[in-house]
Amino acid sequence: MVLPWALAVLSLLPLLDAQSLECTNLTAVAPITNATLDRLSGKWFYIGSAFRNPEYNETARSIQAAFFYFEPKHAEDKIILREYQTIGNQCIYNFSSVTLYRKNGTMSKYESGREHFADLLLTKHPKTFILSASWNGKKNVGMSFYADKPEVSQEQKKEFLDAIKCIGIHESEITYSDEKKDLCGPLHMQHEEERKKEKEGS
């Protein structure tokens, strides 16, 4: 199953070049610098997404709640990913890595037998970001939205809604997560205790 961070493939840049009103507040990150990675480091919550691609849309609708940790490895051009998803009323944990293509602002992750690509878009709020998707034009466009808290302000949400409108998707097509349905708390706590003991023992 495709993870929520990777519910985005290929490039939105041709659409952003149009500079429509809703797109002007988005910054397509190219290249991805160490400062960009430092901004992404830490814990993030999957807030919501909308996709025209049926496979990604189905996956997004199955996710009840999700959060993850990004741990950038600057010298290796990769990000360590620790992710907790609640799907079908059960917690699913995944440990993996994300490859960075710094020059064109793209991330990728190999999963389900193929490589998934995502373009990073930074909002004006440093505590949110968007991953974009576009397969050969508008037919399969999509976006996923993330924040450092499970709930976002109206201003932060508006940035996402403006971006969605920019690529021609209606607000009614958005699927949102629900923190109240998160079942990964106990496993997350267990992992954090184990990590704490490892650090104390090293």
# chains A, B, ... in the order shown; residues from 1 in each chain; ligands from 1

$ residues_around --residues "range 171-173 of chain A" --least-positions-apart "3" --cutoff "8 Å" --atoms "only C-alpha atoms" --output "PyMOL selection string"
chain A and resi 50-51+161+164-165

$ select_by_dssp --residues "range 126-192 of chain A" --states "helix (DSSP H, G or I)" --output "VMD selection string"
chain A and resid 138 to 140 154 to 166 171 to 173 179 to 181 185 to 192

$ residues_around --residues "Glu151 in chain A" --least-positions-apart "3" --cutoff "9 Å" --atoms "only C-alpha atoms" --output "list of chain:residue names"
A:Phe45, A:Ile47, A:Ala147, A:Asp148, A:Glu179

$ write_last_selection --atoms "N, CA, C and O atoms" --output "PDB file, in the first residue's frame"
ATOM      1  N   PHE A  45       2.006  15.246  10.608  1.00  0.00           N
ATOM      2  CA  PHE A  45       0.706  14.571  10.540  1.00  0.00           C
ATOM      3  C   PHE A  45       0.137  14.705   9.129  1.00  0.00           C
ATOM      4  O   PHE A  45       0.220  15.768   8.514  1.00  0.00           O
ATOM      5  N   ILE A  47      -2.789  15.355   6.936  1.00  0.00           N
ATOM      6  CA  ILE A  47      -4.037  16.081   7.149  1.00  0.00           C
ATOM      7  C   ILE A  47      -5.107  15.673   6.137  1.00  0.00           C
ATOM      8  O   ILE A  47      -6.249  15.390   6.491  1.00  0.00           O
ATOM      9  N   ALA A 147       1.060  18.697   8.298  1.00  0.00           N
ATOM     10  CA  ALA A 147       1.298  19.743   9.290  1.00  0.00           C
ATOM     11  C   ALA A 147       1.981  19.142  10.514  1.00  0.00           C
ATOM     12  O   ALA A 147       1.964  17.922  10.717  1.00  0.00           O
ATOM     13  N   ASP A 148       2.569  20.011  11.338  1.00  0.00           N
ATOM     14  CA  ASP A 148       3.261  19.513  12.527  1.00  0.00           C
ATOM     15  C   ASP A 148       2.311  19.241  13.679  1.00  0.00           C
ATOM     16  O   ASP A 148       2.722  18.797  14.754  1.00  0.00           O
ATOM     17  N   GLU A 179      -7.775  12.382  13.574  1.00  0.00           N
ATOM     18  CA  GLU A 179      -6.879  12.006  14.663  1.00  0.00           C
ATOM     19  C   GLU A 179      -7.578  11.150  15.716  1.00  0.00           C
ATOM     20  O   GLU A 179      -6.960  10.283  16.356  1.00  0.00           O
TER      21      GLU A 179
END

$ residues_around --residues "range 85-100 of chain A" --least-positions-apart "4" --cutoff "8 Å" --atoms "only C-alpha atoms" --output "list in words"
Ser62, Ile63, Gln64, Ala65, Ala66, Phe67, Asp77, Lys78, Ile79, Ile80, Leu81, Gly105, Thr106, Met107, Ser108, Lys109, Lys181, Asp182, Leu183 and Cys184 of chain A

$ write_last_selection --atoms "N, CA and C atoms" --output "PDB file, in the first residue's frame"
ATOM      1  N   SER A  62      -8.588   5.043   2.452  1.00  0.00           N
ATOM      2  CA  SER A  62      -8.458   3.957   3.424  1.00  0.00           C
ATOM      3  C   SER A  62      -7.719   4.387   4.688  1.00  0.00           C
ATOM      4  N   ILE A  63      -7.031   5.517   4.629  1.00  0.00           N
ATOM      5  CA  ILE A  63      -6.232   5.977   5.772  1.00  0.00           C
ATOM      6  C   ILE A  63      -7.113   6.748   6.746  1.00  0.00           C
ATOM      7  N   GLN A  64      -7.282   6.197   7.932  1.00  0.00           N
ATOM      8  CA  GLN A  64      -8.097   6.859   8.953  1.00  0.00           C
ATOM      9  C   GLN A  64      -7.310   7.955   9.668  1.00  0.00           C
ATOM     10  N   ALA A  65      -6.038   7.685   9.941  1.00  0.00           N
ATOM     11  CA  ALA A  65      -5.149   8.653  10.580  1.00  0.00           C
ATOM     12  C   ALA A  65      -3.717   8.232  10.293  1.00  0.00           C
ATOM     13  N   ALA A  66      -2.797   9.196  10.284  1.00  0.00           N
ATOM     14  CA  ALA A  66      -1.399   8.862  10.023  1.00  0.00           C
ATOM     15  C   ALA A  66      -0.487   9.987  10.504  1.00  0.00           C
ATOM     16  N   PHE A  67       0.666   9.588  11.017  1.00  0.00           N
ATOM     17  CA  PHE A  67       1.716  10.550  11.326  1.00  0.00           C
ATOM     18  C   PHE A  67       3.052   9.874  11.074  1.00  0.00           C
ATOM     19  N   ASP A  77      21.827  12.203   0.890  1.00  0.00           N
ATOM     20  CA  ASP A  77      20.689  12.585   0.041  1.00  0.00           C
ATOM     21  C   ASP A  77      19.499  11.655   0.231  1.00  0.00           C
ATOM     22  N   LYS A  78      19.163  11.449   1.491  1.00  0.00           N
ATOM     23  CA  LYS A  78      17.992  10.632   1.786  1.00  0.00           C
ATOM     24  C   LYS A  78      17.368  11.069   3.109  1.00  0.00           C
ATOM     25  N   ILE A  79      16.145  10.620   3.341  1.00  0.00           N
ATOM     26  CA  ILE A  79      15.424  10.891   4.576  1.00  0.00           C
ATOM     27  C   ILE A  79      14.961   9.567   5.169  1.00  0.00           C
ATOM     28  N   ILE A  80      15.301   9.333   6.438  1.00  0.00           N
ATOM     29  CA  ILE A  80      14.791   8.159   7.126  1.00  0.00           C
ATOM     30  C   ILE A  80      13.331   8.439   7.490  1.00  0.00           C
ATOM     31  N   LEU A  81      12.457   7.494   7.173  1.00  0.00           N
ATOM     32  CA  LEU A  81      11.021   7.663   7.384  1.00  0.00           C
ATOM     33  C   LEU A  81      10.510   6.619   8.365  1.00  0.00           C
ATOM     34  N   GLY A 105      14.045  19.085  -6.964  1.00  0.00           N
ATOM     35  CA  GLY A 105      13.085  19.181  -5.874  1.00  0.00           C
ATOM     36  C   GLY A 105      12.158  17.992  -5.743  1.00  0.00           C
ATOM     37  N   THR A 106      12.651  16.813  -6.061  1.00  0.00           N
ATOM     38  CA  THR A 106      11.820  15.612  -6.065  1.00  0.00           C
ATOM     39  C   THR A 106      12.276  14.610  -5.016  1.00  0.00           C
ATOM     40  N   MET A 107      11.325  13.915  -4.420  1.00  0.00           N
ATOM     41  CA  MET A 107      11.585  12.804  -3.508  1.00  0.00           C
ATOM     42  C   MET A 107      11.052  11.527  -4.145  1.00  0.00           C
ATOM     43  N   SER A 108      11.592  10.389  -3.744  1.00  0.00           N
ATOM     44  CA  SER A 108      11.049   9.134  -4.255  1.00  0.00           C
ATOM     45  C   SER A 108      11.153   8.049  -3.201  1.00  0.00           C
ATOM     46  N   LYS A 109      10.255   7.085  -3.323  1.00  0.00           N
ATOM     47  CA  LYS A 109      10.262   5.931  -2.432  1.00  0.00           C
ATOM     48  C   LYS A 109       9.833   4.703  -3.211  1.00  0.00           C
ATOM     49  N   LYS A 181      -9.369   8.741  15.329  1.00  0.00           N
ATOM     50  CA  LYS A 181      -9.370   7.334  14.931  1.00  0.00           C
ATOM     51  C   LYS A 181      -7.972   6.713  14.993  1.00  0.00           C
ATOM     52  N   ASP A 182      -6.989   7.481  15.448  1.00  0.00           N
ATOM     53  CA  ASP A 182      -5.612   6.981  15.539  1.00  0.00           C
ATOM     54  C   ASP A 182      -5.514   5.865  16.578  1.00  0.00           C
ATOM     55  N   LEU A 183      -4.935   4.730  16.175  1.00  0.00           N
ATOM     56  CA  LEU A 183      -4.757   3.588  17.066  1.00  0.00           C
ATOM     57  C   LEU A 183      -3.280   3.262  17.282  1.00  0.00           C
ATOM     58  N   CYS A 184      -2.399   4.170  16.857  1.00  0.00           N
ATOM     59  CA  CYS A 184      -0.962   3.900  16.915  1.00  0.00           C
ATOM     60  C   CYS A 184      -0.285   4.476  18.159  1.00  0.00           C
TER      61      CYS A 184
END

$ closest_residue --among "A:Arg102, A:Thr123, A:Gly48, A:Arg114" --to "Asp178 in chain A" --atoms "only C-alpha atoms"
A:Gly48

$ atom_distance --atom1 "CA of Gly185 in chain A" --atom2 "CA of Glu198 in chain A"
20.0 Å

$ select_by_dssp --residues "range 40-95 of chain A" --states "strand (DSSP E)" --output "ChimeraX atom specification"
/A:42-51,63-73,78-87,90-95

$ atom_distance --atom1 "CA of Pro54 in chain A" --atom2 "CA of Lys158 in chain A"
24.9 Å

$ residues_around --residues "Gly42 in chain A" --least-positions-apart "4" --cutoff "8 Å" --atoms "only C-alpha atoms" --output "list in words"
Tyr69, Phe70 and Glu71 of chain A

$ write_last_selection --atoms "N, CA, C and O atoms" --output "mmCIF file, in the first residue's frame"
data_model
loop_
_atom_site.group_PDB
_atom_site.id
_atom_site.type_symbol
_atom_site.label_atom_id
_atom_site.label_comp_id
_atom_site.auth_asym_id
_atom_site.auth_seq_id
_atom_site.Cartn_x
_atom_site.Cartn_y
_atom_site.Cartn_z
ATOM 1 N N TYR A 69 7.726 10.480 11.017
ATOM 2 C CA TYR A 69 8.920 11.244 11.351
ATOM 3 C C TYR A 69 9.855 11.287 10.149
ATOM 4 O O TYR A 69 10.116 10.249 9.522
ATOM 5 N N PHE A 70 10.337 12.471 9.828
ATOM 6 C CA PHE A 70 11.374 12.654 8.821
ATOM 7 C C PHE A 70 12.708 12.891 9.539
ATOM 8 O O PHE A 70 12.814 13.787 10.377
ATOM 9 N N GLU A 71 13.695 12.084 9.207
ATOM 10 C CA GLU A 71 15.048 12.261 9.754
ATOM 11 C C GLU A 71 16.025 12.392 8.584
ATOM 12 O O GLU A 71 16.500 11.388 8.050
#

$ residues_around --residues "Lys103 in chain A" --least-positions-apart "5" --cutoff "10 Å" --atoms "only C-alpha atoms" --output "MDAnalysis selection string"
chainID A and resid 29:33

$ write_last_selection --atoms "C-alpha atoms" --output "tab-separated table (two decimals), in the first residue's frame"
chain	number	residue	atom	x	y	z
A	29	VAL	CA	11.37	23.67	-3.98
A	30	ALA	CA	14.22	23.25	-6.45
A	31	PRO	CA	16.87	22.59	-5.44
A	32	ILE	CA	16.25	20.96	-2.06
A	33	THR	CA	18.87	22.45	0.25

$ closest_residue --among "A:Val152, A:Met143, A:Leu40, A:Met189" --to "His170 in chain A" --atoms "only C-alpha atoms"
A:Met143

$ atom_distance --atom1 "CA of Ala163 in chain A" --atom2 "CA of Asn57 in chain A"
17.3 Å

$ residues_around --residues "Asn140 in chain A" --least-positions-apart "6" --cutoff "8 Å" --atoms "only C-alpha atoms" --output "list in words"
Phe51, Arg52, Asn53, Ala133 and Ser134 of chain A

$ write_last_selection --atoms "N, CA and C atoms" --output "PDB file, in the first residue's frame"
ATOM      1  N   PHE A  51      -6.888  13.295  -5.127  1.00  0.00           N
ATOM      2  CA  PHE A  51      -6.198  12.781  -6.306  1.00  0.00           C
ATOM      3  C   PHE A  51      -7.185  12.360  -7.386  1.00  0.00           C
ATOM      4  N   ARG A  52      -6.784  12.547  -8.627  1.00  0.00           N
ATOM      5  CA  ARG A  52      -7.576  12.068  -9.758  1.00  0.00           C
ATOM      6  C   ARG A  52      -7.206  10.632 -10.116  1.00  0.00           C
ATOM      7  N   ASN A  53      -6.016  10.207  -9.729  1.00  0.00           N
ATOM      8  CA  ASN A  53      -5.590   8.836  -9.991  1.00  0.00           C
ATOM      9  C   ASN A  53      -6.371   7.883  -9.086  1.00  0.00           C
ATOM     10  N   ALA A 133       1.271  15.969  -7.223  1.00  0.00           N
ATOM     11  CA  ALA A 133       1.235  14.878  -8.192  1.00  0.00           C
ATOM     12  C   ALA A 133       0.721  15.370  -9.531  1.00  0.00           C
ATOM     13  N   SER A 134       1.318  14.877 -10.608  1.00  0.00           N
ATOM     14  CA  SER A 134       0.804  15.182 -11.940  1.00  0.00           C
ATOM     15  C   SER A 134       1.348  14.165 -12.927  1.00  0.00           C
TER      16      SER A 134
END
